[in-house]
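Chemist: File target_8.txt below, compact mmCIF, C-alpha atoms:
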```txt
# COMPACT_ATOMS: atom_id res chain seq x y z
CA MET A 1 19.47 -32.17 -25.68
CA THR A 2 21.31 -30.41 -22.85
CA ASN A 3 19.64 -28.24 -20.25
CA PRO A 4 22.26 -26.15 -18.42
CA ALA A 5 19.68 -24.50 -16.16
CA LEU A 6 18.35 -27.85 -14.96
CA ALA A 7 21.91 -29.04 -14.36
CA ALA A 8 22.57 -25.89 -12.32
CA VAL A 9 19.41 -26.49 -10.28
CA GLU A 10 20.53 -30.05 -9.54
CA GLU A 11 23.90 -28.75 -8.37
CA ARG A 12 22.24 -26.28 -6.00
CA ALA A 13 19.29 -28.48 -5.02
CA GLU A 14 20.15 -28.74 -1.34
CA GLU A 15 20.60 -24.97 -1.08
CA ILE A 16 17.26 -24.28 -2.77
CA ALA A 17 15.42 -26.73 -0.52
CA ALA A 18 17.10 -25.40 2.62
CA LEU A 19 15.70 -21.90 2.05
CA ALA A 20 12.06 -23.01 1.84
CA GLU A 21 11.32 -22.31 5.50
CA SER A 22 12.94 -18.87 5.33
CA ASN A 23 10.92 -18.00 2.22
CA GLU A 24 7.71 -18.96 3.98
CA ARG A 25 8.60 -17.06 7.14
CA LEU A 26 9.48 -13.88 5.21
CA GLY A 27 6.39 -14.05 3.01
CA ARG A 28 8.60 -13.62 -0.06
CA LEU A 29 11.68 -15.25 -1.52
CA ASP A 30 14.67 -14.86 0.73
CA ASP A 31 17.31 -12.75 -1.04
CA ALA A 32 19.55 -15.82 -1.04
CA ALA A 33 16.82 -17.86 -2.77
CA ALA A 34 16.36 -15.19 -5.44
CA LYS A 35 20.12 -15.13 -5.95
CA LEU A 36 20.14 -18.88 -6.44
CA LEU A 37 17.42 -18.66 -9.10
CA ARG A 38 19.40 -15.95 -10.88
CA GLU A 39 22.55 -18.03 -10.83
CA THR A 40 20.86 -21.15 -12.22
CA GLY A 41 19.61 -19.19 -15.24
CA VAL A 42 16.04 -20.49 -15.00
CA ILE A 43 14.54 -16.99 -15.31
CA ARG A 44 16.50 -16.34 -18.53
CA MET A 45 15.61 -19.62 -20.24
CA LEU A 46 12.97 -18.00 -22.49
CA GLN A 47 14.77 -14.62 -22.75
CA PRO A 48 16.09 -13.45 -26.15
CA ALA A 49 19.66 -14.53 -26.90
CA ARG A 50 20.67 -10.96 -27.70
CA TYR A 51 20.15 -10.16 -24.03
CA GLY A 52 21.91 -13.23 -22.67
CA GLY A 53 18.90 -15.52 -22.74
CA ALA A 54 18.96 -19.20 -23.64
CA GLU A 55 15.93 -19.18 -25.99
CA ALA A 56 15.46 -22.70 -24.62
CA HIS A 57 12.91 -25.25 -25.74
CA PRO A 58 9.78 -24.69 -23.62
CA ARG A 59 9.90 -28.34 -22.57
CA ASP A 60 13.28 -27.69 -20.95
CA PHE A 61 11.82 -24.68 -19.17
CA ALA A 62 8.90 -26.73 -17.84
CA GLU A 63 11.19 -29.50 -16.62
CA THR A 64 13.40 -27.00 -14.83
CA VAL A 65 10.45 -25.30 -13.14
CA MET A 66 9.14 -28.70 -12.03
CA ARG A 67 12.48 -29.53 -10.45
CA VAL A 68 12.74 -26.22 -8.61
CA ALA A 69 9.15 -26.61 -7.34
CA SER A 70 9.92 -30.15 -6.13
CA LEU A 71 12.54 -28.59 -3.86
CA ASP A 72 10.47 -25.60 -2.76
CA GLY A 73 7.02 -24.75 -4.07
CA SER A 74 7.43 -21.00 -3.70
CA ALA A 75 10.76 -20.89 -5.52
CA GLY A 76 9.30 -23.03 -8.30
CA TRP A 77 6.23 -20.84 -8.57
CA VAL A 78 8.31 -17.68 -8.93
CA ALA A 79 10.58 -19.40 -11.45
CA GLY A 80 7.54 -20.45 -13.47
CA ILE A 81 5.76 -17.11 -13.48
CA VAL A 82 8.64 -14.63 -13.61
CA GLY A 83 10.39 -16.98 -16.04
CA VAL A 84 7.60 -16.65 -18.62
CA HIS A 85 7.72 -12.85 -18.71
CA PRO A 86 10.94 -12.63 -20.79
CA TRP A 87 9.13 -14.74 -23.41
CA GLU A 88 6.49 -12.02 -23.76
CA MET A 89 8.97 -9.16 -23.48
CA ALA A 90 10.84 -10.60 -26.48
CA MET A 91 7.81 -9.59 -28.58
CA CYS A 92 7.62 -6.03 -27.29
CA ASP A 93 9.14 -2.78 -28.53
CA PRO A 94 12.96 -3.04 -28.88
CA ASP A 95 13.45 0.25 -27.04
CA VAL A 96 11.51 -1.11 -24.06
CA GLN A 97 13.62 -4.28 -24.08
CA GLU A 98 16.75 -2.16 -24.08
CA ALA A 99 15.48 -0.09 -21.17
CA ILE A 100 14.89 -3.26 -19.16
CA TRP A 101 17.86 -5.45 -20.11
CA GLY A 102 20.37 -3.04 -21.66
CA GLU A 103 22.32 -2.51 -18.44
CA ASP A 104 21.36 -5.67 -16.55
CA GLN A 105 20.34 -8.82 -18.40
CA ASP A 106 19.23 -10.36 -15.09
CA THR A 107 16.47 -7.80 -14.56
CA TRP A 108 13.25 -9.57 -13.55
CA ILE A 109 9.75 -8.62 -14.68
CA ALA A 110 6.64 -9.19 -12.56
CA SER A 111 2.91 -9.25 -13.43
CA PRO A 112 -0.27 -9.84 -13.07
CA TYR A 113 -2.22 -9.69 -16.30
CA ALA A 114 -5.71 -9.38 -14.80
CA PRO A 115 -7.22 -6.17 -16.27
CA MET A 116 -7.63 -4.32 -12.97
CA GLY A 117 -6.45 -0.93 -14.25
CA ILE A 118 -7.75 1.74 -16.61
CA LEU A 119 -5.75 3.49 -19.33
CA ARG A 120 -6.88 7.07 -20.02
CA PRO A 121 -5.62 8.34 -23.40
CA VAL A 122 -3.61 11.60 -23.36
CA ASP A 123 -1.14 13.19 -25.76
CA GLY A 124 1.73 10.78 -26.41
CA GLY A 125 0.37 7.95 -24.33
CA TYR A 126 -1.88 7.22 -21.37
CA VAL A 127 -2.47 8.00 -17.72
CA PHE A 128 -2.77 4.77 -15.78
CA ASN A 129 -4.48 3.89 -12.49
CA GLY A 130 -5.42 0.66 -10.71
CA ARG A 131 -4.73 -1.92 -8.04
CA TRP A 132 -3.77 -5.54 -8.69
CA GLN A 133 -3.45 -8.63 -6.52
CA PHE A 134 -1.08 -11.59 -6.81
CA SER A 135 2.17 -10.09 -8.13
CA SER A 136 4.39 -13.13 -7.57
CA GLY A 137 8.05 -12.50 -6.86
CA THR A 138 7.45 -8.79 -7.12
CA ASP A 139 9.96 -7.75 -4.43
CA HIS A 140 12.77 -9.00 -6.66
CA CYS A 141 11.47 -7.43 -9.89
CA SER A 142 12.33 -4.02 -11.34
CA TRP A 143 9.64 -3.92 -14.06
CA ILE A 144 6.11 -5.23 -14.35
CA PHE A 145 3.42 -6.27 -16.84
CA LEU A 146 -0.05 -5.15 -15.71
CA GLY A 147 -3.40 -5.92 -17.29
CA ALA A 148 -5.68 -3.01 -18.15
CA PHE A 149 -8.85 -1.98 -19.89
CA MET A 150 -8.79 0.91 -22.29
CA GLY A 151 -10.70 3.91 -20.94
CA ASP A 152 -12.23 7.03 -22.39
CA ALA A 153 -11.14 10.63 -21.86
CA GLU A 154 -12.81 10.65 -18.44
CA GLY A 155 -11.10 7.45 -17.30
CA ASN A 156 -14.19 5.24 -17.58
CA ARG A 157 -13.85 1.79 -19.13
CA ALA A 158 -14.60 1.88 -22.84
CA ASN A 159 -17.24 -0.40 -24.35
CA PRO A 160 -16.81 -2.95 -25.70
CA PRO A 161 -13.99 -3.70 -23.24
CA GLN A 162 -10.50 -3.91 -24.73
CA ASN A 163 -7.75 -5.67 -22.79
CA TYR A 164 -4.13 -4.43 -22.82
CA HIS A 165 -0.79 -5.32 -21.27
CA VAL A 166 1.03 -2.33 -19.82
CA ILE A 167 4.77 -2.23 -19.03
CA LEU A 168 5.98 -0.14 -16.08
CA PRO A 169 9.28 0.43 -14.25
CA ARG A 170 9.47 -0.05 -10.49
CA SER A 171 9.34 3.73 -9.94
CA ASP A 172 5.79 3.86 -11.34
CA TYR A 173 4.08 1.41 -8.96
CA GLU A 174 3.86 0.71 -5.25
CA ILE A 175 4.12 -2.73 -3.66
CA VAL A 176 1.62 -3.07 -0.83
CA GLU A 177 3.34 -4.71 2.13
CA ASP A 178 1.35 -7.12 4.32
CA SER A 179 -1.02 -7.86 1.43
CA TRP A 180 0.04 -11.52 1.09
CA ASP A 181 -1.21 -13.58 4.03
CA VAL A 182 -2.33 -16.95 2.68
CA VAL A 183 -2.32 -20.65 3.48
CA GLY A 184 0.11 -21.77 0.77
CA LEU A 185 2.84 -20.46 -1.52
CA ARG A 186 3.59 -17.94 1.20
CA GLY A 187 7.17 -17.57 0.05
CA THR A 188 6.14 -16.27 -3.38
CA GLY A 189 5.44 -12.80 -1.98
CA SER A 190 2.52 -12.41 -4.37
CA LYS A 191 1.64 -8.97 -3.04
CA ASP A 192 -0.73 -6.26 -4.26
CA VAL A 193 0.58 -3.44 -6.43
CA VAL A 194 -0.91 0.02 -6.91
CA VAL A 195 -0.48 2.52 -9.75
CA LYS A 196 -1.53 6.16 -9.31
CA ASP A 197 -1.58 8.53 -12.26
CA ALA A 198 1.45 7.04 -13.99
CA PHE A 199 2.19 8.31 -17.49
CA ILE A 200 2.67 5.41 -19.91
CA PRO A 201 4.18 6.08 -23.37
CA GLU A 202 2.49 4.36 -26.28
CA ASN A 203 5.32 1.88 -26.89
CA ARG A 204 4.74 0.35 -23.45
CA VAL A 205 1.11 -0.59 -24.13
CA VAL A 206 0.22 -3.67 -26.20
CA ALA A 207 -3.23 -5.03 -27.03
CA PHE A 208 -3.67 -8.46 -25.46
CA SER A 209 -5.44 -9.60 -28.63
CA ARG A 210 -2.12 -9.30 -30.49
CA PHE A 211 -0.56 -11.91 -28.23
CA LEU A 212 -3.60 -14.17 -28.51
CA ASP A 213 -3.76 -14.13 -32.32
CA GLY A 214 0.01 -14.42 -32.77
CA SER A 215 0.40 -11.15 -34.67
CA GLN A 216 2.71 -9.61 -32.06
CA PRO A 217 5.62 -12.06 -32.49
CA ARG A 218 5.14 -12.15 -36.27
CA GLU A 219 5.34 -8.39 -36.61
CA ALA A 220 8.30 -8.32 -34.22
CA GLY A 221 10.16 -10.45 -36.76
CA LEU A 222 10.90 -13.29 -34.36
CA THR A 223 12.01 -16.47 -36.09
CA ASN A 224 12.54 -18.89 -33.19
CA PRO A 225 9.47 -21.17 -32.94
CA LEU A 226 9.63 -20.67 -29.17
CA TYR A 227 7.96 -17.29 -29.61
CA HIS A 228 5.23 -18.60 -31.89
CA ILE A 229 3.59 -21.12 -29.59
CA PRO A 230 0.18 -19.78 -28.47
CA PHE A 231 0.10 -17.41 -25.51
CA THR A 232 -2.46 -19.66 -23.85
CA THR A 233 -0.05 -22.58 -24.07
CA ALA A 234 3.03 -20.60 -22.95
CA PHE A 235 1.63 -18.51 -20.10
CA PRO A 236 0.11 -21.41 -18.09
CA LEU A 237 3.23 -23.51 -18.71
CA GLY A 238 5.23 -22.18 -15.78
CA ILE A 239 2.29 -22.17 -13.38
CA THR A 240 1.04 -25.69 -14.10
CA SER A 241 4.60 -27.04 -14.18
CA ALA A 242 5.14 -25.58 -10.72
CA VAL A 243 2.03 -27.36 -9.39
CA ILE A 244 3.18 -30.68 -10.85
CA GLY A 245 6.64 -30.15 -9.39
CA ILE A 246 5.09 -29.43 -5.99
CA ALA A 247 3.25 -32.75 -6.16
CA GLU A 248 6.54 -34.45 -7.04
CA GLY A 249 8.13 -32.78 -4.02
CA ALA A 250 5.34 -33.98 -1.74
CA LEU A 251 5.75 -37.52 -3.05
CA ALA A 252 9.52 -37.45 -2.53
CA ALA A 253 9.13 -36.10 1.01
CA HIS A 254 6.49 -38.74 1.74
CA LEU A 255 8.69 -41.58 0.48
CA ALA A 256 11.66 -40.36 2.52
CA TYR A 257 9.48 -40.21 5.63
CA GLN A 258 7.82 -43.59 5.09
CA ARG A 259 11.05 -45.55 4.77
CA THR A 260 11.45 -45.79 8.53
CA ARG A 261 7.91 -45.04 9.73
CA VAL A 262 6.15 -47.50 12.00
CA GLN A 263 2.38 -47.10 12.35
CA VAL A 264 0.60 -47.09 15.73
CA THR A 265 -0.41 -50.69 15.04
CA GLY A 266 3.26 -51.63 15.06
CA THR A 267 3.26 -52.29 11.32
CA LYS A 268 6.10 -50.84 9.27
CA VAL A 269 4.78 -48.87 6.32
CA THR A 270 7.09 -50.90 4.12
CA ASP A 271 5.03 -53.94 5.15
CA ASP A 272 1.62 -52.30 4.58
CA PRO A 273 0.29 -53.34 1.15
CA TYR A 274 -2.56 -50.83 1.24
CA VAL A 275 -0.34 -47.79 1.75
CA LEU A 276 2.22 -49.06 -0.74
CA SER A 277 -0.44 -49.66 -3.37
CA THR A 278 -1.75 -46.13 -2.93
CA ILE A 279 1.75 -44.66 -3.16
CA GLY A 280 2.38 -46.55 -6.39
CA ALA A 281 -0.89 -45.42 -7.94
CA ALA A 282 -0.31 -41.80 -6.89
CA ALA A 283 3.23 -41.82 -8.26
CA GLU A 284 1.93 -42.92 -11.64
CA GLU A 285 -0.76 -40.21 -11.65
CA ILE A 286 1.85 -37.54 -10.94
CA ARG A 287 4.07 -38.97 -13.64
CA ALA A 288 1.14 -38.95 -16.08
CA SER A 289 0.55 -35.28 -15.31
CA ARG A 290 4.19 -34.50 -16.05
CA THR A 291 4.12 -36.47 -19.29
CA ALA A 292 0.90 -34.85 -20.50
CA MET A 293 2.22 -31.35 -19.78
CA LEU A 294 5.56 -31.89 -21.51
CA ASP A 295 4.02 -33.68 -24.49
CA ASN A 296 1.49 -30.87 -24.91
CA VAL A 297 4.03 -28.05 -25.11
CA SER A 298 6.40 -30.11 -27.28
CA ARG A 299 3.63 -30.69 -29.80
CA PHE A 300 2.85 -26.98 -30.05
CA TYR A 301 6.54 -26.17 -30.43
CA ASP A 302 6.81 -28.68 -33.28
CA TRP A 303 3.80 -27.13 -34.98
CA ALA A 304 5.29 -23.65 -34.62
CA GLU A 305 8.59 -24.88 -36.04
CA ALA A 306 6.72 -26.31 -39.03
CA GLY A 307 4.81 -23.04 -39.53
CA ARG A 308 1.53 -24.84 -38.95
CA GLU A 309 -1.58 -22.83 -38.10
CA VAL A 310 -3.07 -23.77 -34.73
CA THR A 311 -6.85 -24.00 -34.56
CA PHE A 312 -9.10 -22.82 -31.75
CA ALA A 313 -10.06 -26.44 -31.08
CA GLU A 314 -6.40 -27.34 -30.62
CA ARG A 315 -5.89 -24.44 -28.22
CA ALA A 316 -8.96 -25.52 -26.26
CA ALA A 317 -7.66 -29.09 -26.05
CA SER A 318 -4.30 -27.75 -24.89
CA ARG A 319 -5.91 -25.82 -22.05
CA ARG A 320 -7.94 -28.90 -21.10
CA THR A 321 -4.71 -30.90 -20.89
CA GLN A 322 -3.02 -28.27 -18.73
CA VAL A 323 -5.91 -27.93 -16.28
CA ALA A 324 -6.43 -31.69 -16.04
CA ALA A 325 -2.72 -32.23 -15.40
CA ALA A 326 -2.73 -29.86 -12.44
CA TRP A 327 -5.84 -31.39 -10.89
CA ARG A 328 -4.60 -34.94 -11.44
CA ALA A 329 -1.28 -34.18 -9.75
CA VAL A 330 -2.89 -32.51 -6.73
CA ARG A 331 -5.45 -35.30 -6.28
CA ALA A 332 -2.61 -37.82 -6.30
CA MET A 333 -0.70 -35.71 -3.80
CA ASP A 334 -3.75 -35.75 -1.52
CA GLU A 335 -3.71 -39.55 -1.57
CA VAL A 336 -0.15 -39.76 -0.31
CA VAL A 337 -0.52 -36.93 2.20
CA ALA A 338 -3.60 -38.63 3.68
CA ARG A 339 -1.39 -41.66 4.32
CA SER A 340 1.45 -39.75 5.94
CA GLY A 341 0.02 -40.04 9.46
CA GLY A 342 -0.36 -37.25 11.98
CA ASN A 343 3.38 -36.63 12.24
CA GLY A 344 3.53 -36.11 8.49
CA LEU A 345 1.53 -32.92 8.97
CA ARG A 346 3.68 -31.40 11.68
CA MET A 347 5.02 -28.00 10.69
CA ASP A 348 8.61 -29.25 10.72
CA ASN A 349 7.77 -31.85 8.06
CA PRO A 350 7.99 -30.51 4.47
CA ILE A 351 5.06 -32.71 3.40
CA GLN A 352 2.55 -30.25 4.84
CA ARG A 353 4.14 -27.28 3.07
CA PHE A 354 4.02 -29.01 -0.31
CA TRP A 355 0.40 -29.93 0.38
CA ARG A 356 -0.56 -26.33 1.17
CA ASP A 357 1.43 -24.98 -1.75
CA GLY A 358 -0.15 -27.41 -4.20
CA HIS A 359 -3.69 -26.48 -3.24
CA MET A 360 -2.87 -22.79 -3.40
CA GLY A 361 -1.47 -23.28 -6.89
CA LEU A 362 -4.58 -25.16 -7.96
CA ALA A 363 -6.65 -22.11 -6.97
CA HIS A 364 -5.01 -19.95 -9.66
CA ALA A 365 -7.47 -18.73 -12.28
CA ILE A 366 -5.85 -20.73 -15.08
CA HIS A 367 -6.64 -23.96 -13.23
CA VAL A 368 -10.39 -23.36 -12.88
CA PRO A 369 -11.75 -26.32 -14.85
CA GLY A 370 -15.39 -25.41 -15.49
CA SER A 371 -15.17 -22.95 -18.37
CA VAL A 372 -12.15 -24.66 -19.96
CA PHE A 373 -13.75 -28.11 -19.99
CA HIS A 374 -17.08 -26.62 -21.10
CA ALA A 375 -15.46 -24.73 -23.98
CA SER A 376 -13.45 -27.72 -25.14
CA ALA A 377 -16.55 -29.94 -25.09
CA LEU A 378 -18.57 -27.44 -27.12
CA THR A 379 -15.68 -27.19 -29.57
CA ASP A 380 -15.51 -30.97 -29.88
CA ILE A 381 -19.16 -31.09 -30.92
CA GLY A 382 -18.71 -28.34 -33.47
CA ILE A 383 -19.72 -25.15 -31.66
CA THR A 384 -16.72 -22.90 -32.38
CA PRO A 385 -16.01 -20.52 -30.91
CA PRO A 386 -18.06 -21.02 -27.72
CA PRO A 387 -19.84 -18.00 -26.27
CA GLY A 388 -18.50 -15.12 -24.17
CA PRO A 389 -16.51 -15.80 -20.99
CA MET A 390 -15.56 -19.33 -22.05
CA LEU A 391 -13.13 -17.83 -24.55
CA SER A 392 -10.99 -16.56 -21.67
CA MET A 393 -7.46 -17.96 -21.74
CA ILE A 394 -8.11 -20.14 -24.79
```
Could you express the structure from this file as structure tokens?
Modeler:
Amino acid sequence: MTNPALAAVEERAEEIAALAESNERLGRLDDAAAKLLRETGVIRMLQPARYGGAEAHPRDFAETVMRVASLDGSAGWVAGIVGVHPWEMAMCDPDVQEAIWGEDQDTWIASPYAPMGILRPVDGGYVFNGRWQFSSGTDHCSWIFLGAFMGDAEGNRANPPQNYHVILPRSDYEIVEDSWDVVGLRGTGSKDVVVKDAFIPENRVVAFSRFLDGSQPREAGLTNPLYHIPFTTAFPLGITSAVIGIAEGALAAHLAYQRTRVQVTGTKVTDDPYVLSTIGAAAEEIRASRTAMLDNVSRFYDWAEAGREVTFAERAASRRTQVAAAWRAVRAMDEVVARSGGNGLRMDNPIQRFWRDGHMGLAHAIHVPGSVFHASALTDIGITPPPGPMLSMI
């Protein structure tokens, strides 16, 4: 199986890595870094073929995101998050797809999905207001998915709460500058966005439940199994893959640094069995994380291709695998970083940036283990579905 995007990333690897410091300094992807991602095709891997997309196997997408992230965590993070949005857009109204990609197939779509806005019903659509954090790569995007709750005629959240995804052009929202000042993934430019009294036509509002239950791609008439893997397997794919790739980048930077390093005791690291043993163990943990992540998404793709119904228990186990893979990779990264010595954490050494980026990525909501592990355990002992908040993202 060929992966042209991954091959393109390999060809441009030195260029991608060289822009990491500029991305971090700017607090967003350097324009040159965004251009590189466009030229590799990673953002269009899950995009519909009718708009120039590859409709690639999700495993190929994950591997490509991992590679980008191993060169620069911020570039990999943006590739993973912005790269998933064409997958969802493929399920949306054809007229909306045409508005986004009809003139420029390289148009990027941002997010976030957290329901921080309120939709107020009016004739022909909705009036929309809200403020959202963490819109990764947003400076380079011309459209956005935003999470919302449905409101009543007065703009108050309706009960019971109903979650929606809302699609807006760049003219309908404001990016808040200086709203992204963090310890890691600084180059992602994951800034706040604000919407004030935007009118949203009905065809640009989709109930989140339709993505979760799989009815949206079915009713859109999509036949590629790519679009029938569960949302809660597909959406975390880019994010968790980026974290694993970051850990791989930290390991590679550590190995390159250790080849010639001499410790203060006068011992070469290459002669230190304790450090070498730790490096070997950490490398295998990172590899196990990669394998688990790729095996997980491949299995769901195969089930979709076979037309097999996926159970809640299987979705819960999938989320457990994703979360555990991220944590395993970051813990392993910590082991090698702790053995990099004081000079390994100087700001001119890429090890420290990968370390900060990895921990920032682990803080994303999809990597919070408590509710996911709790829900999967309850499911394993026959309590399905588990109560309330534990259903989130499963």
Chemist: Could you list, with a cut-off of 8 Å and counting only C-alpha atoms, the residues of segment 2-99 of chain A near segment 228-247 of chain A, each shown with its nearest atom pair and the distance in Å rounded to one decimal, rows sorted by chain and ascending number, as JSON lines?
Modeler:
```
{"residue": "A:Pro58", "atom": "CA", "partner": "A:Ala234", "partner_atom": "CA", "distance": 7.9}
{"residue": "A:Phe61", "atom": "CA", "partner": "A:Gly238", "partner_atom": "CA", "distance": 7.8}
{"residue": "A:Ala62", "atom": "CA", "partner": "A:Ser241", "partner_atom": "CA", "distance": 5.7}
{"residue": "A:Glu63", "atom": "CA", "partner": "A:Ser241", "partner_atom": "CA", "distance": 7.4}
{"residue": "A:Val65", "atom": "CA", "partner": "A:Ala242", "partner_atom": "CA", "distance": 5.8}
{"residue": "A:Met66", "atom": "CA", "partner": "A:Gly245", "partner_atom": "CA", "distance": 3.9}
{"residue": "A:Arg67", "atom": "CA", "partner": "A:Gly245", "partner_atom": "CA", "distance": 6.0}
{"residue": "A:Val68", "atom": "CA", "partner": "A:Gly245", "partner_atom": "CA", "distance": 7.3}
{"residue": "A:Ala69", "atom": "CA", "partner": "A:Gly245", "partner_atom": "CA", "distance": 4.8}
{"residue": "A:Ser70", "atom": "CA", "partner": "A:Gly245", "partner_atom": "CA", "distance": 4.6}
{"residue": "A:Leu71", "atom": "CA", "partner": "A:Ile246", "partner_atom": "CA", "distance": 7.8}
{"residue": "A:Asp72", "atom": "CA", "partner": "A:Ile246", "partner_atom": "CA", "distance": 7.4}
{"residue": "A:Gly73", "atom": "CA", "partner": "A:Ile246", "partner_atom": "CA", "distance": 5.4}
{"residue": "A:Gly76", "atom": "CA", "partner": "A:Ala242", "partner_atom": "CA", "distance": 5.4}
{"residue": "A:Trp77", "atom": "CA", "partner": "A:Ala242", "partner_atom": "CA", "distance": 5.3}
{"residue": "A:Ala79", "atom": "CA", "partner": "A:Gly238", "partner_atom": "CA", "distance": 7.4}
{"residue": "A:Gly80", "atom": "CA", "partner": "A:Gly238", "partner_atom": "CA", "distance": 3.7}
{"residue": "A:Ile81", "atom": "CA", "partner": "A:Gly238", "partner_atom": "CA", "distance": 5.6}
{"residue": "A:Gly83", "atom": "CA", "partner": "A:Gly238", "partner_atom": "CA", "distance": 7.3}
{"residue": "A:Val84", "atom": "CA", "partner": "A:Phe235", "partner_atom": "CA", "distance": 6.4}
```
Chemist: Within 10 Å of Ala292 of chain A, counting all atoms listed in the file, which residues qualify if same-chain residues fewer than 6 places away don't, as a list in words?
Modeler: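 Once the adjacent positions are removed, what remains is Ile286, Ser298, Ser318, Thr321, Gln322, Ala324 and Ala325 of chain A.
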Chemist: Within 9 Å of His85 of chain A, counting only C-alpha atoms, which residues qualify if same-chain residues fewer than 2 places away don't, as a list in words?
Modeler: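 The contact residues come out as Ile43, Leu46, Gln47, Ile81, Val82, Gly83, Trp87, Glu88, Met89, Ala90, Trp108, Ile109, Ala110, Ser111, Ile144, Phe145 and Phe235 of chain A.
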Chemist: Given the choices A:Ala198, A:Val183, A:Val269, A:Ala8, which gets closest to Pro169 of chain A if the distance is worked out from all atoms listed in the file?
Modeler: A:Ala198
Chemist: Taking into account all atoms listed in the file, which residue in the set A:Ala75, A:Ser171, A:Arg319, A:Gly52 is nearest to Ala18 of chain A?
Modeler: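 So, comparing all the options, the nearest one is A:Ala75.
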Chemist: Which residue, A:Gln105, A:Phe312, A:Ser135, A:Tyr274, has the smallest gap to Gly382 of chain A when you use all atoms listed in the file?
Modeler: A:Phe312
Chemist: Which residue out of A:Asp302, A:Asp93, A:Asp172, A:Glu335 has the minimum interatomic distance to Thr278 of chain A when only C-alpha atoms are used?
Modeler: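 Closest to Thr278 of chain A, using only C-alpha atoms: A:Glu335.
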Chemist: I'd like the contact shell of Lys196 of chain A - 10 Å cut-off, all atoms listed in the file, skipping same-chain residues fewer than 2 positions apart - returned as an NGL selection string.
Modeler: :A and (117 or 127-131 or 172-174 or 194 or 198-199)
Chemist: Using C-alpha atoms, can you write the selected residues to a file as a PDB file, keeping the file's coordinate frame?
Modeler:
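Okay, selection_14.pdb is ready:
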```pdb
ATOM      1  CA  GLY A 117      -6.450  -0.930 -14.250  1.00  0.00           C
ATOM      2  CA  VAL A 127      -2.470   8.000 -17.720  1.00  0.00           C
ATOM      3  CA  PHE A 128      -2.770   4.770 -15.780  1.00  0.00           C
ATOM      4  CA  ASN A 129      -4.480   3.890 -12.490  1.00  0.00           C
ATOM      5  CA  GLY A 130      -5.420   0.660 -10.710  1.00  0.00           C
ATOM      6  CA  ARG A 131      -4.730  -1.920  -8.040  1.00  0.00           C
ATOM      7  CA  ASP A 172       5.790   3.860 -11.340  1.00  0.00           C
ATOM      8  CA  TYR A 173       4.080   1.410  -8.960  1.00  0.00           C
ATOM      9  CA  GLU A 174       3.860   0.710  -5.250  1.00  0.00           C
ATOM     10  CA  VAL A 194      -0.910   0.020  -6.910  1.00  0.00           C
ATOM     11  CA  ALA A 198       1.450   7.040 -13.990  1.00  0.00           C
ATOM     12  CA  PHE A 199       2.190   8.310 -17.490  1.00  0.00           C
TER      13      PHE A 199
END
```
Chemist: Check the smallest atom-to-atom distance from each of A:Arg308, A:His165, A:His359, A:Arg170 to Ala207 of chain A using only C-alpha atoms, then report the winner.
Modeler: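 When distances to Ala207 of chain A are compared using only C-alpha atoms, the smallest one comes from A:His165.
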Chemist: Just to confirm, what's the straight-line distance from atom CA of Arg299 of chain A to atom CA of Asn224 of chain A in Å (one decimal)?
Modeler: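 Atom-to-atom, atom CA of Arg299 of chain A to atom CA of Asn224 of chain A, that is 15.2 Å.
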Chemist: Just checking: using all atoms listed in the file, which residue out of A:Asp380, A:Asp139, A:Glu305, A:Asp334 ends up closest to His57 of chain A?
Modeler: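 Of the candidates, the smallest distance to His57 of chain A is held by A:Glu305.
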Chemist: Enter the distance from atom CA of Pro115 of chain A to atom CA of Phe149 of chain A, in Å, rounded to one decimal.
Modeler: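 Distance reported for this atom pair: 5.8 Å.
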Chemist: One number please: atom CA of Val195 of chain A to atom CA of Arg28 of chain A, in Å, one decimal.
Modeler: 20.9 Å
Chemist: Which residues are close to Ser340 of chain A, i.e. within 12 Å by only C-alpha atoms, leaving aside same-chain residues fewer than 2 positions away? Reply as a compact mmCIF listing (two decimals) with C-alpha atoms, in the frame of the given file.
Modeler:
```txt
# COMPACT_ATOMS: atom_id res chain seq x y z
CA ALA A 250 5.34 -33.98 -1.74
CA LEU A 251 5.75 -37.52 -3.05
CA ALA A 252 9.52 -37.45 -2.53
CA ALA A 253 9.13 -36.10 1.01
CA HIS A 254 6.49 -38.74 1.74
CA LEU A 255 8.69 -41.58 0.48
CA ALA A 256 11.66 -40.36 2.52
CA TYR A 257 9.48 -40.21 5.63
CA GLN A 258 7.82 -43.59 5.09
CA ARG A 259 11.05 -45.55 4.77
CA THR A 260 11.45 -45.79 8.53
CA ARG A 261 7.91 -45.04 9.73
CA VAL A 262 6.15 -47.50 12.00
CA GLN A 263 2.38 -47.10 12.35
CA VAL A 269 4.78 -48.87 6.32
CA VAL A 275 -0.34 -47.79 1.75
CA LEU A 276 2.22 -49.06 -0.74
CA THR A 278 -1.75 -46.13 -2.93
CA ILE A 279 1.75 -44.66 -3.16
CA MET A 333 -0.70 -35.71 -3.80
CA ASP A 334 -3.75 -35.75 -1.52
CA GLU A 335 -3.71 -39.55 -1.57
CA VAL A 336 -0.15 -39.76 -0.31
CA VAL A 337 -0.52 -36.93 2.20
CA ALA A 338 -3.60 -38.63 3.68
CA GLY A 342 -0.36 -37.25 11.98
CA ASN A 343 3.38 -36.63 12.24
CA GLY A 344 3.53 -36.11 8.49
CA LEU A 345 1.53 -32.92 8.97
CA ARG A 346 3.68 -31.40 11.68
CA ASN A 349 7.77 -31.85 8.06
CA PRO A 350 7.99 -30.51 4.47
CA ILE A 351 5.06 -32.71 3.40
CA GLN A 352 2.55 -30.25 4.84
CA TRP A 355 0.40 -29.93 0.38
```
